[in-house]
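Asker: File follows, input16.pdb with PDB, N, CA and C atoms:
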```
ATOM      1  N   MET Y   1     -15.281 -13.371  16.203
ATOM      2  CA  MET Y   1     -14.659 -12.218  15.623
ATOM      3  C   MET Y   1     -15.325 -11.850  14.302
ATOM      4  N   ASN Y   2     -15.352 -10.611  13.954
ATOM      5  CA  ASN Y   2     -15.946 -10.135  12.726
ATOM      6  C   ASN Y   2     -15.171 -10.649  11.518
ATOM      7  N   SER Y   3     -15.859 -11.176  10.499
ATOM      8  CA  SER Y   3     -15.175 -11.733   9.331
ATOM      9  C   SER Y   3     -14.439 -10.648   8.557
ATOM     10  N   GLU Y   4     -14.961  -9.423   8.542
ATOM     11  CA  GLU Y   4     -14.266  -8.339   7.861
ATOM     12  C   GLU Y   4     -12.941  -8.046   8.560
ATOM     13  N   ARG Y   5     -12.957  -8.104   9.870
ATOM     14  CA  ARG Y   5     -11.747  -7.841  10.620
ATOM     15  C   ARG Y   5     -10.702  -8.926  10.375
ATOM     16  N   GLN Y   6     -11.132 -10.173  10.234
ATOM     17  CA  GLN Y   6     -10.199 -11.255   9.968
ATOM     18  C   GLN Y   6      -9.582 -11.124   8.587
ATOM     19  N   SER Y   7     -10.339 -10.643   7.603
ATOM     20  CA  SER Y   7      -9.824 -10.544   6.249
ATOM     21  C   SER Y   7      -8.923  -9.333   6.064
ATOM     22  N   THR Y   8      -8.984  -8.373   6.971
ATOM     23  CA  THR Y   8      -8.145  -7.189   6.856
ATOM     24  C   THR Y   8      -6.725  -7.529   7.288
ATOM     25  N   ILE Y   9      -5.787  -7.317   6.400
ATOM     26  CA  ILE Y   9      -4.390  -7.585   6.712
ATOM     27  C   ILE Y   9      -3.809  -6.429   7.519
ATOM     28  N   TRP Y  10      -4.018  -5.211   7.057
ATOM     29  CA  TRP Y  10      -3.523  -4.057   7.786
ATOM     30  C   TRP Y  10      -4.382  -2.872   7.430
ATOM     31  N   ARG Y  11      -4.610  -2.014   8.389
ATOM     32  CA  ARG Y  11      -5.411  -0.824   8.142
ATOM     33  C   ARG Y  11      -4.840   0.325   8.953
ATOM     34  N   ALA Y  12      -4.543   1.412   8.278
ATOM     35  CA  ALA Y  12      -4.110   2.613   8.978
ATOM     36  C   ALA Y  12      -5.344   3.269   9.584
ATOM     37  N   SER Y  13      -5.150   4.019  10.643
ATOM     38  CA  SER Y  13      -6.304   4.664  11.254
ATOM     39  C   SER Y  13      -6.782   5.816  10.374
ATOM     40  N   LYS Y  14      -8.033   6.206  10.531
ATOM     41  CA  LYS Y  14      -8.588   7.280   9.716
ATOM     42  C   LYS Y  14      -7.953   8.621  10.055
ATOM     43  N   ASP Y  15      -7.302   8.707  11.223
ATOM     44  CA  ASP Y  15      -6.641   9.946  11.593
ATOM     45  C   ASP Y  15      -5.357  10.155  10.817
ATOM     46  N   ASP Y  16      -4.782   9.079  10.297
ATOM     47  CA  ASP Y  16      -3.568   9.198   9.497
ATOM     48  C   ASP Y  16      -3.915   9.774   8.133
ATOM     49  N   MET Y  17      -3.016  10.560   7.577
ATOM     50  CA  MET Y  17      -3.253  11.129   6.265
ATOM     51  C   MET Y  17      -3.198  10.050   5.185
ATOM     52  N   ALA Y  18      -2.295   9.112   5.324
ATOM     53  CA  ALA Y  18      -2.157   8.037   4.337
ATOM     54  C   ALA Y  18      -3.061   6.893   4.772
ATOM     55  N   TYR Y  19      -4.303   6.919   4.387
ATOM     56  CA  TYR Y  19      -5.265   5.910   4.779
ATOM     57  C   TYR Y  19      -5.347   4.850   3.690
ATOM     58  N   PHE Y  20      -5.040   3.623   4.061
ATOM     59  CA  PHE Y  20      -5.190   2.522   3.124
ATOM     60  C   PHE Y  20      -5.513   1.261   3.897
ATOM     61  N   GLN Y  21      -6.124   0.314   3.176
ATOM     62  CA  GLN Y  21      -6.554  -0.925   3.805
ATOM     63  C   GLN Y  21      -6.410  -2.049   2.791
ATOM     64  N   PHE Y  22      -5.898  -3.183   3.249
ATOM     65  CA  PHE Y  22      -5.840  -4.391   2.436
ATOM     66  C   PHE Y  22      -6.940  -5.326   2.895
ATOM     67  N   THR Y  23      -7.722  -5.813   1.967
ATOM     68  CA  THR Y  23      -8.642  -6.898   2.242
ATOM     69  C   THR Y  23      -8.343  -7.981   1.223
ATOM     70  N   ASN Y  24      -9.042  -9.069   1.297
ATOM     71  CA  ASN Y  24      -8.763 -10.177   0.386
ATOM     72  C   ASN Y  24      -8.959  -9.751  -1.064
ATOM     73  N   GLY Y  25      -7.865  -9.615  -1.780
ATOM     74  CA  GLY Y  25      -7.921  -9.312  -3.206
ATOM     75  C   GLY Y  25      -8.146  -7.862  -3.562
ATOM     76  N   GLU Y  26      -8.230  -6.972  -2.585
ATOM     77  CA  GLU Y  26      -8.475  -5.562  -2.870
ATOM     78  C   GLU Y  26      -7.577  -4.685  -2.009
ATOM     79  N   ILE Y  27      -7.304  -3.509  -2.522
ATOM     80  CA  ILE Y  27      -6.608  -2.483  -1.753
ATOM     81  C   ILE Y  27      -7.472  -1.231  -1.812
ATOM     82  N   GLU Y  28      -7.667  -0.606  -0.678
ATOM     83  CA  GLU Y  28      -8.463   0.606  -0.606
ATOM     84  C   GLU Y  28      -7.534   1.749  -0.236
ATOM     85  N   VAL Y  29      -7.461   2.743  -1.116
ATOM     86  CA  VAL Y  29      -6.620   3.912  -0.889
ATOM     87  C   VAL Y  29      -7.511   5.141  -1.027
ATOM     88  N   ALA Y  30      -7.558   5.937   0.012
ATOM     89  CA  ALA Y  30      -8.346   7.174   0.019
ATOM     90  C   ALA Y  30      -9.801   6.912  -0.389
ATOM     91  N   ASN Y  31     -10.402   5.897   0.214
ATOM     92  CA  ASN Y  31     -11.803   5.516  -0.008
ATOM     93  C   ASN Y  31     -12.115   5.063  -1.434
ATOM     94  N   ARG Y  32     -11.100   4.655  -2.186
ATOM     95  CA  ARG Y  32     -11.300   4.067  -3.520
ATOM     96  C   ARG Y  32     -10.758   2.653  -3.495
ATOM     97  N   LYS Y  33     -11.534   1.703  -3.995
ATOM     98  CA  LYS Y  33     -11.117   0.306  -3.985
ATOM     99  C   LYS Y  33     -10.558  -0.094  -5.342
ATOM    100  N   PHE Y  34      -9.453  -0.839  -5.299
ATOM    101  CA  PHE Y  34      -8.824  -1.370  -6.498
ATOM    102  C   PHE Y  34      -8.650  -2.866  -6.306
ATOM    103  N   ARG Y  35      -9.027  -3.627  -7.320
ATOM    104  CA  ARG Y  35      -8.875  -5.071  -7.265
ATOM    105  C   ARG Y  35      -7.470  -5.456  -7.691
ATOM    106  N   LEU Y  36      -6.841  -6.322  -6.920
ATOM    107  CA  LEU Y  36      -5.516  -6.824  -7.258
ATOM    108  C   LEU Y  36      -5.653  -8.173  -7.961
ATOM    109  N   PRO Y  37      -4.703  -8.507  -8.827
ATOM    110  CA  PRO Y  37      -4.743  -9.832  -9.462
ATOM    111  C   PRO Y  37      -4.651 -10.938  -8.418
ATOM    112  N   ARG Y  38      -5.269 -12.081  -8.693
ATOM    113  CA  ARG Y  38      -5.234 -13.200  -7.754
ATOM    114  C   ARG Y  38      -3.896 -13.916  -7.767
ATOM    115  N   ALA Y  39      -3.252 -13.973  -8.925
ATOM    116  CA  ALA Y  39      -1.986 -14.689  -9.059
ATOM    117  C   ALA Y  39      -0.855 -13.895  -8.417
ATOM    118  N   ARG Y  40      -0.039 -14.578  -7.633
ATOM    119  CA  ARG Y  40       1.069 -13.934  -6.931
ATOM    120  C   ARG Y  40       2.043 -13.306  -7.916
ATOM    121  N   ARG Y  41       2.355 -14.025  -8.990
ATOM    122  CA  ARG Y  41       3.291 -13.487  -9.991
ATOM    123  C   ARG Y  41       2.742 -12.221 -10.641
ATOM    124  N   ALA Y  42       1.472 -12.181 -10.884
ATOM    125  CA  ALA Y  42       0.863 -10.993 -11.491
ATOM    126  C   ALA Y  42       0.936  -9.804 -10.539
ATOM    127  N   ARG Y  43       0.694 -10.044  -9.236
ATOM    128  CA  ARG Y  43       0.796  -8.947  -8.258
ATOM    129  C   ARG Y  43       2.225  -8.420  -8.173
ATOM    130  N   ILE Y  44       3.194  -9.342  -8.162
ATOM    131  CA  ILE Y  44       4.590  -8.917  -8.101
ATOM    132  C   ILE Y  44       4.955  -8.146  -9.367
ATOM    133  N   GLY Y  45       4.504  -8.635 -10.515
ATOM    134  CA  GLY Y  45       4.757  -7.924 -11.772
ATOM    135  C   GLY Y  45       4.137  -6.539 -11.787
ATOM    136  N   LEU Y  46       2.905  -6.435 -11.294
ATOM    137  CA  LEU Y  46       2.227  -5.144 -11.220
ATOM    138  C   LEU Y  46       2.976  -4.195 -10.282
ATOM    139  N   GLY Y  47       3.391  -4.701  -9.122
ATOM    140  CA  GLY Y  47       4.129  -3.867  -8.174
ATOM    141  C   GLY Y  47       5.450  -3.373  -8.756
ATOM    142  N   LEU Y  48       6.176  -4.253  -9.417
ATOM    143  CA  LEU Y  48       7.444  -3.857 -10.037
ATOM    144  C   LEU Y  48       7.213  -2.860 -11.172
ATOM    145  N   ALA Y  49       6.163  -3.069 -11.967
ATOM    146  CA  ALA Y  49       5.852  -2.131 -13.052
ATOM    147  C   ALA Y  49       5.499  -0.748 -12.495
ATOM    148  N   LEU Y  50       4.725  -0.718 -11.409
ATOM    149  CA  LEU Y  50       4.397   0.569 -10.794
ATOM    150  C   LEU Y  50       5.640   1.260 -10.248
ATOM    151  N   MET Y  51       6.525   0.490  -9.632
ATOM    152  CA  MET Y  51       7.753   1.092  -9.111
ATOM    153  C   MET Y  51       8.635   1.607 -10.250
ATOM    154  N   PHE Y  52       8.732   0.853 -11.332
ATOM    155  CA  PHE Y  52       9.514   1.301 -12.476
ATOM    156  C   PHE Y  52       8.918   2.574 -13.069
ATOM    157  N   GLY Y  53       7.594   2.626 -13.178
ATOM    158  CA  GLY Y  53       6.940   3.834 -13.654
ATOM    159  C   GLY Y  53       7.143   5.011 -12.716
ATOM    160  N   GLY Y  54       7.231   4.730 -11.425
ATOM    161  CA  GLY Y  54       7.490   5.789 -10.454
ATOM    162  C   GLY Y  54       8.887   6.360 -10.581
ATOM    163  N   VAL Y  55       9.847   5.509 -10.920
ATOM    164  CA  VAL Y  55      11.219   5.991 -11.132
ATOM    165  C   VAL Y  55      11.256   6.915 -12.347
ATOM    166  N   LEU Y  56      10.427   6.637 -13.342
ATOM    167  CA  LEU Y  56      10.342   7.474 -14.540
ATOM    168  C   LEU Y  56       9.255   8.546 -14.398
ATOM    169  N   GLY Y  57       9.007   8.978 -13.193
ATOM    170  CA  GLY Y  57       7.923   9.912 -12.899
ATOM    171  C   GLY Y  57       8.080  11.285 -13.504
ATOM    172  N   PHE Y  58       9.257  11.624 -13.947
ATOM    173  CA  PHE Y  58       9.448  12.938 -14.555
ATOM    174  C   PHE Y  58       8.869  12.994 -15.970
ATOM    175  N   LEU Y  59       8.555  11.846 -16.553
ATOM    176  CA  LEU Y  59       7.960  11.799 -17.884
ATOM    177  C   LEU Y  59       6.460  12.069 -17.801
ATOM    178  N   PRO Y  60       5.858  12.548 -18.910
ATOM    179  CA  PRO Y  60       4.407  12.754 -18.908
ATOM    180  C   PRO Y  60       3.669  11.430 -18.698
ATOM    181  N   VAL Y  61       2.501  11.464 -18.159
ATOM    182  CA  VAL Y  61       1.600  10.347 -17.880
ATOM    183  C   VAL Y  61       2.058   9.565 -16.651
ATOM    184  N   LEU Y  62       3.326   9.244 -16.554
ATOM    185  CA  LEU Y  62       3.840   8.540 -15.382
ATOM    186  C   LEU Y  62       4.014   9.544 -14.257
ATOM    187  N   GLY Y  63       4.008   9.072 -13.023
ATOM    188  CA  GLY Y  63       4.155   9.998 -11.911
ATOM    189  C   GLY Y  63       4.861   9.347 -10.741
ATOM    190  N   PHE Y  64       5.359  10.173  -9.867
ATOM    191  CA  PHE Y  64       6.048   9.668  -8.684
ATOM    192  C   PHE Y  64       5.079   8.994  -7.709
ATOM    193  N   TRP Y  65       3.769   9.200  -7.889
ATOM    194  CA  TRP Y  65       2.767   8.531  -7.066
ATOM    195  C   TRP Y  65       2.796   7.024  -7.263
ATOM    196  N   MET Y  66       3.360   6.560  -8.366
ATOM    197  CA  MET Y  66       3.382   5.132  -8.676
ATOM    198  C   MET Y  66       4.352   4.372  -7.773
ATOM    199  N   LEU Y  67       5.382   5.040  -7.285
ATOM    200  CA  LEU Y  67       6.391   4.380  -6.449
ATOM    201  C   LEU Y  67       5.818   3.863  -5.132
ATOM    202  N   PRO Y  68       5.153   4.678  -4.313
ATOM    203  CA  PRO Y  68       4.575   4.127  -3.077
ATOM    204  C   PRO Y  68       3.458   3.129  -3.333
ATOM    205  N   LEU Y  69       2.691   3.316  -4.408
ATOM    206  CA  LEU Y  69       1.644   2.360  -4.733
ATOM    207  C   LEU Y  69       2.253   1.010  -5.111
ATOM    208  N   GLY Y  70       3.379   1.028  -5.815
ATOM    209  CA  GLY Y  70       4.086  -0.210  -6.137
ATOM    210  C   GLY Y  70       4.563  -0.925  -4.889
ATOM    211  N   PHE Y  71       5.060  -0.160  -3.907
ATOM    212  CA  PHE Y  71       5.469  -0.771  -2.641
ATOM    213  C   PHE Y  71       4.274  -1.387  -1.914
ATOM    214  N   LEU Y  72       3.125  -0.721  -1.955
ATOM    215  CA  LEU Y  72       1.932  -1.281  -1.314
ATOM    216  C   LEU Y  72       1.519  -2.602  -1.954
ATOM    217  N   VAL Y  73       1.562  -2.657  -3.280
ATOM    218  CA  VAL Y  73       1.187  -3.891  -3.969
ATOM    219  C   VAL Y  73       2.205  -4.987  -3.671
ATOM    220  N   LEU Y  74       3.491  -4.644  -3.678
ATOM    221  CA  LEU Y  74       4.525  -5.640  -3.381
ATOM    222  C   LEU Y  74       4.445  -6.128  -1.939
ATOM    223  N   SER Y  75       4.014  -5.275  -1.038
ATOM    224  CA  SER Y  75       3.973  -5.667   0.373
ATOM    225  C   SER Y  75       2.946  -6.765   0.627
ATOM    226  N   GLN Y  76       2.099  -7.025  -0.333
ATOM    227  CA  GLN Y  76       1.137  -8.116  -0.229
ATOM    228  C   GLN Y  76       1.853  -9.472  -0.238
ATOM    229  N   ASP Y  77       2.985  -9.581  -0.948
ATOM    230  CA  ASP Y  77       3.641 -10.864  -1.164
ATOM    231  C   ASP Y  77       5.093 -10.936  -0.709
ATOM    232  N   ILE Y  78       5.769  -9.827  -0.581
ATOM    233  CA  ILE Y  78       7.206  -9.842  -0.302
ATOM    234  C   ILE Y  78       7.451  -9.333   1.119
ATOM    235  N   ARG Y  79       8.204 -10.121   1.878
ATOM    236  CA  ARG Y  79       8.406  -9.824   3.308
ATOM    237  C   ARG Y  79       9.078  -8.489   3.555
ATOM    238  N   TRP Y  80      10.185  -8.206   2.835
ATOM    239  CA  TRP Y  80      10.916  -6.970   3.126
ATOM    240  C   TRP Y  80      10.047  -5.749   2.822
ATOM    241  N   ALA Y  81       9.206  -5.806   1.812
ATOM    242  CA  ALA Y  81       8.316  -4.685   1.507
ATOM    243  C   ALA Y  81       7.245  -4.544   2.586
ATOM    244  N   ARG Y  82       6.759  -5.677   3.108
ATOM    245  CA  ARG Y  82       5.762  -5.652   4.180
ATOM    246  C   ARG Y  82       6.350  -5.037   5.439
ATOM    247  N   ARG Y  83       7.573  -5.456   5.767
ATOM    248  CA  ARG Y  83       8.227  -4.877   6.952
ATOM    249  C   ARG Y  83       8.444  -3.388   6.777
ATOM    250  N   TRP Y  84       8.896  -2.966   5.597
ATOM    251  CA  TRP Y  84       9.137  -1.552   5.322
ATOM    252  C   TRP Y  84       7.836  -0.768   5.479
ATOM    253  N   ARG Y  85       6.734  -1.310   4.933
ATOM    254  CA  ARG Y  85       5.439  -0.624   5.026
ATOM    255  C   ARG Y  85       4.991  -0.484   6.468
ATOM    256  N   ARG Y  86       5.143  -1.543   7.238
ATOM    257  CA  ARG Y  86       4.717  -1.477   8.650
ATOM    258  C   ARG Y  86       5.576  -0.508   9.448
ATOM    259  N   ARG Y  87       6.886  -0.523   9.204
ATOM    260  CA  ARG Y  87       7.767   0.430   9.887
ATOM    261  C   ARG Y  87       7.403   1.869   9.565
ATOM    262  N   MET Y  88       7.142   2.117   8.279
ATOM    263  CA  MET Y  88       6.774   3.470   7.868
ATOM    264  C   MET Y  88       5.449   3.891   8.499
ATOM    265  N   ALA Y  89       4.496   2.984   8.586
ATOM    266  CA  ALA Y  89       3.199   3.308   9.193
ATOM    267  C   ALA Y  89       3.357   3.613  10.677
ATOM    268  N   VAL Y  90       4.178   2.838  11.371
ATOM    269  CA  VAL Y  90       4.403   3.079  12.800
ATOM    270  C   VAL Y  90       5.106   4.412  13.005
ATOM    271  N   ASN Y  91       6.139   4.688  12.207
ATOM    272  CA  ASN Y  91       6.850   5.962  12.331
ATOM    273  C   ASN Y  91       5.942   7.136  12.019
ATOM    274  N   TRP Y  92       5.090   6.986  11.009
ATOM    275  CA  TRP Y  92       4.152   8.047  10.650
ATOM    276  C   TRP Y  92       3.191   8.322  11.805
ATOM    277  N   ALA Y  93       2.668   7.269  12.404
ATOM    278  CA  ALA Y  93       1.736   7.444  13.519
ATOM    279  C   ALA Y  93       2.425   8.091  14.725
ATOM    280  N   ARG Y  94       3.661   7.717  14.987
ATOM    281  CA  ARG Y  94       4.395   8.332  16.102
ATOM    282  C   ARG Y  94       4.589   9.823  15.874
ATOM    283  N   ARG Y  95       4.974  10.195  14.664
ATOM    284  CA  ARG Y  95       5.177  11.617  14.357
ATOM    285  C   ARG Y  95       3.870  12.397  14.502
ATOM    286  N   ARG Y  96       2.778  11.786  14.044
ATOM    287  CA  ARG Y  96       1.483  12.467  14.152
ATOM    288  C   ARG Y  96       1.083  12.655  15.608
ATOM    289  N   ARG Y  97       1.372  11.654  16.459
ATOM    290  CA  ARG Y  97       1.040  11.793  17.885
ATOM    291  C   ARG Y  97       1.908  12.841  18.548
ATOM    292  N   GLU Y  98       3.186  12.924  18.160
ATOM    293  CA  GLU Y  98       4.079  13.916  18.764
ATOM    294  C   GLU Y  98       3.640  15.335  18.432
ATOM    295  N   LYS Y  99       3.127  15.544  17.226
ATOM    296  CA  LYS Y  99       2.678  16.880  16.827
ATOM    297  C   LYS Y  99       1.385  17.272  17.522
ATOM    298  N   ALA Y 100       0.581  16.307  17.885
ATOM    299  CA  ALA Y 100      -0.730  16.598  18.490
ATOM    300  C   ALA Y 100      -0.609  16.986  19.942
TER     301      ALA Y 100
END
```
Give the structure from this file in structure tokens form.

Answerer:
Amino acid sequence: MNSERQSTIWRASKDDMAYFQFTNGEIEVANRKFRLPRARRARIGLGLALMFGGVLGFLPVLGFWMLPLGFLVLSQDIRWARRWRRRMAVNWARRRREKA
């Protein structure tokens, strides 16, 4: 098996509008790669901080875009966030197929 394929945790298809991919230590969103902290506590802290900033998205500098990004970072380590992300991806793909 391809080593890149083994390291990929989840990847949405390129046909989906929300294209993202997790690889070891990195998240790729819209063809841009971001490195995640190696420590689990740091990733959880980053995810919670992004979600908190997303809740305060009406303020300048912060934005509502931070909320889904926080969920993506949290889904790396927390089961309920991972399940939520996978459910949302499956539902999104089903809706896209129904429209086509």

Asker: Between atom N of Arg87 of chain Y and atom C of Ser75 of chain Y, what is the distance in Å, rounded to a tenth?

Answerer: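 We find that atom N of Arg87 of chain Y and atom C of Ser75 of chain Y lie 11.3 Å from each other.
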
Asker: Which residues match the PyMOL selection byres (((chain Y and resi 56-71 and name CA) around 10) and name CA) in the file above, as a compact mmCIF listing (two decimals) with N, CA and C atoms, in the frame of the given file?

Answerer:
```
# COMPACT_ATOMS: atom_id res chain seq x y z
N VAL Y 29 -7.46 2.74 -1.12
CA VAL Y 29 -6.62 3.91 -0.89
C VAL Y 29 -7.51 5.14 -1.03
N ARG Y 43 0.69 -10.04 -9.24
CA ARG Y 43 0.80 -8.95 -8.26
C ARG Y 43 2.22 -8.42 -8.17
N ILE Y 44 3.19 -9.34 -8.16
CA ILE Y 44 4.59 -8.92 -8.10
C ILE Y 44 4.96 -8.15 -9.37
N GLY Y 45 4.50 -8.64 -10.52
CA GLY Y 45 4.76 -7.92 -11.77
C GLY Y 45 4.14 -6.54 -11.79
N LEU Y 46 2.90 -6.44 -11.29
CA LEU Y 46 2.23 -5.14 -11.22
C LEU Y 46 2.98 -4.20 -10.28
N GLY Y 47 3.39 -4.70 -9.12
CA GLY Y 47 4.13 -3.87 -8.17
C GLY Y 47 5.45 -3.37 -8.76
N LEU Y 48 6.18 -4.25 -9.42
CA LEU Y 48 7.44 -3.86 -10.04
C LEU Y 48 7.21 -2.86 -11.17
N ALA Y 49 6.16 -3.07 -11.97
CA ALA Y 49 5.85 -2.13 -13.05
C ALA Y 49 5.50 -0.75 -12.50
N LEU Y 50 4.72 -0.72 -11.41
CA LEU Y 50 4.40 0.57 -10.79
C LEU Y 50 5.64 1.26 -10.25
N MET Y 51 6.52 0.49 -9.63
CA MET Y 51 7.75 1.09 -9.11
C MET Y 51 8.64 1.61 -10.25
N PHE Y 52 8.73 0.85 -11.33
CA PHE Y 52 9.51 1.30 -12.48
C PHE Y 52 8.92 2.57 -13.07
N GLY Y 53 7.59 2.63 -13.18
CA GLY Y 53 6.94 3.83 -13.65
C GLY Y 53 7.14 5.01 -12.72
N GLY Y 54 7.23 4.73 -11.42
CA GLY Y 54 7.49 5.79 -10.45
C GLY Y 54 8.89 6.36 -10.58
N VAL Y 55 9.85 5.51 -10.92
CA VAL Y 55 11.22 5.99 -11.13
C VAL Y 55 11.26 6.92 -12.35
N LEU Y 72 3.12 -0.72 -1.96
CA LEU Y 72 1.93 -1.28 -1.31
C LEU Y 72 1.52 -2.60 -1.95
N VAL Y 73 1.56 -2.66 -3.28
CA VAL Y 73 1.19 -3.89 -3.97
C VAL Y 73 2.20 -4.99 -3.67
N LEU Y 74 3.49 -4.64 -3.68
CA LEU Y 74 4.53 -5.64 -3.38
C LEU Y 74 4.44 -6.13 -1.94
N SER Y 75 4.01 -5.28 -1.04
CA SER Y 75 3.97 -5.67 0.37
C SER Y 75 2.95 -6.76 0.63
N GLN Y 76 2.10 -7.02 -0.33
CA GLN Y 76 1.14 -8.12 -0.23
C GLN Y 76 1.85 -9.47 -0.24
N ILE Y 78 5.77 -9.83 -0.58
CA ILE Y 78 7.21 -9.84 -0.30
C ILE Y 78 7.45 -9.33 1.12
N ALA Y 81 9.21 -5.81 1.81
CA ALA Y 81 8.32 -4.68 1.51
C ALA Y 81 7.24 -4.54 2.59
N ARG Y 82 6.76 -5.68 3.11
CA ARG Y 82 5.76 -5.65 4.18
C ARG Y 82 6.35 -5.04 5.44
N TRP Y 84 8.90 -2.97 5.60
CA TRP Y 84 9.14 -1.55 5.32
C TRP Y 84 7.84 -0.77 5.48
N ARG Y 85 6.73 -1.31 4.93
CA ARG Y 85 5.44 -0.62 5.03
C ARG Y 85 4.99 -0.48 6.47
```

Asker: Just the number, please: distance in Å from atom CA of Arg41 of chain Y to atom CA of Val90 of chain Y, one decimal.

Answerer: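 Taking atom CA of Arg41 of chain Y and atom CA of Val90 of chain Y, their separation equals 28.2 Å.
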
Asker: Separation of atom CA of Gln21 of chain Y and atom CA of Glu98 of chain Y, in Å?

Answerer: 23.6 Å

Asker: Chain Y: which residues are strand (DSSP E or B) by DSSP, as an MDAnalysis selection string?

Answerer: chainID Y and resid 11 20:23 26:29 32:35

Asker: List the residues selected by the PyMOL selection byres ((chain Y and resi 36) around 6) in the file shown, writing them as a PDB file with N, CA and C atoms, in the frame of the given file.

Answerer:
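result08.pdb was written with the following content:
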```
ATOM      1  N   GLY Y  25      -7.865  -9.615  -1.780  1.00  0.00           N
ATOM      2  CA  GLY Y  25      -7.921  -9.312  -3.206  1.00  0.00           C
ATOM      3  C   GLY Y  25      -8.146  -7.862  -3.562  1.00  0.00           C
ATOM      4  N   GLU Y  26      -8.230  -6.972  -2.585  1.00  0.00           N
ATOM      5  CA  GLU Y  26      -8.475  -5.562  -2.870  1.00  0.00           C
ATOM      6  C   GLU Y  26      -7.577  -4.685  -2.009  1.00  0.00           C
ATOM      7  N   ILE Y  27      -7.304  -3.509  -2.522  1.00  0.00           N
ATOM      8  CA  ILE Y  27      -6.608  -2.483  -1.753  1.00  0.00           C
ATOM      9  C   ILE Y  27      -7.472  -1.231  -1.812  1.00  0.00           C
ATOM     10  N   PHE Y  34      -9.453  -0.839  -5.299  1.00  0.00           N
ATOM     11  CA  PHE Y  34      -8.824  -1.370  -6.498  1.00  0.00           C
ATOM     12  C   PHE Y  34      -8.650  -2.866  -6.306  1.00  0.00           C
ATOM     13  N   ARG Y  35      -9.027  -3.627  -7.320  1.00  0.00           N
ATOM     14  CA  ARG Y  35      -8.875  -5.071  -7.265  1.00  0.00           C
ATOM     15  C   ARG Y  35      -7.470  -5.456  -7.691  1.00  0.00           C
ATOM     16  N   PRO Y  37      -4.703  -8.507  -8.827  1.00  0.00           N
ATOM     17  CA  PRO Y  37      -4.743  -9.832  -9.462  1.00  0.00           C
ATOM     18  C   PRO Y  37      -4.651 -10.938  -8.418  1.00  0.00           C
ATOM     19  N   ARG Y  38      -5.269 -12.081  -8.693  1.00  0.00           N
ATOM     20  CA  ARG Y  38      -5.234 -13.200  -7.754  1.00  0.00           C
ATOM     21  C   ARG Y  38      -3.896 -13.916  -7.767  1.00  0.00           C
TER      22      ARG Y  38
END
```

Asker: Output, as JSON, the centre and edge lengths in Å (one decimal) of the axis-aligned box that contains all listed atoms of segment 50-57 of chain Y with 8 Å of margin on each side.

Answerer:
```
{"center_x": 7.8, "center_y": 5.3, "center_z": -11.8, "size_x": 22.9, "size_y": 28.0, "size_z": 21.4}
```
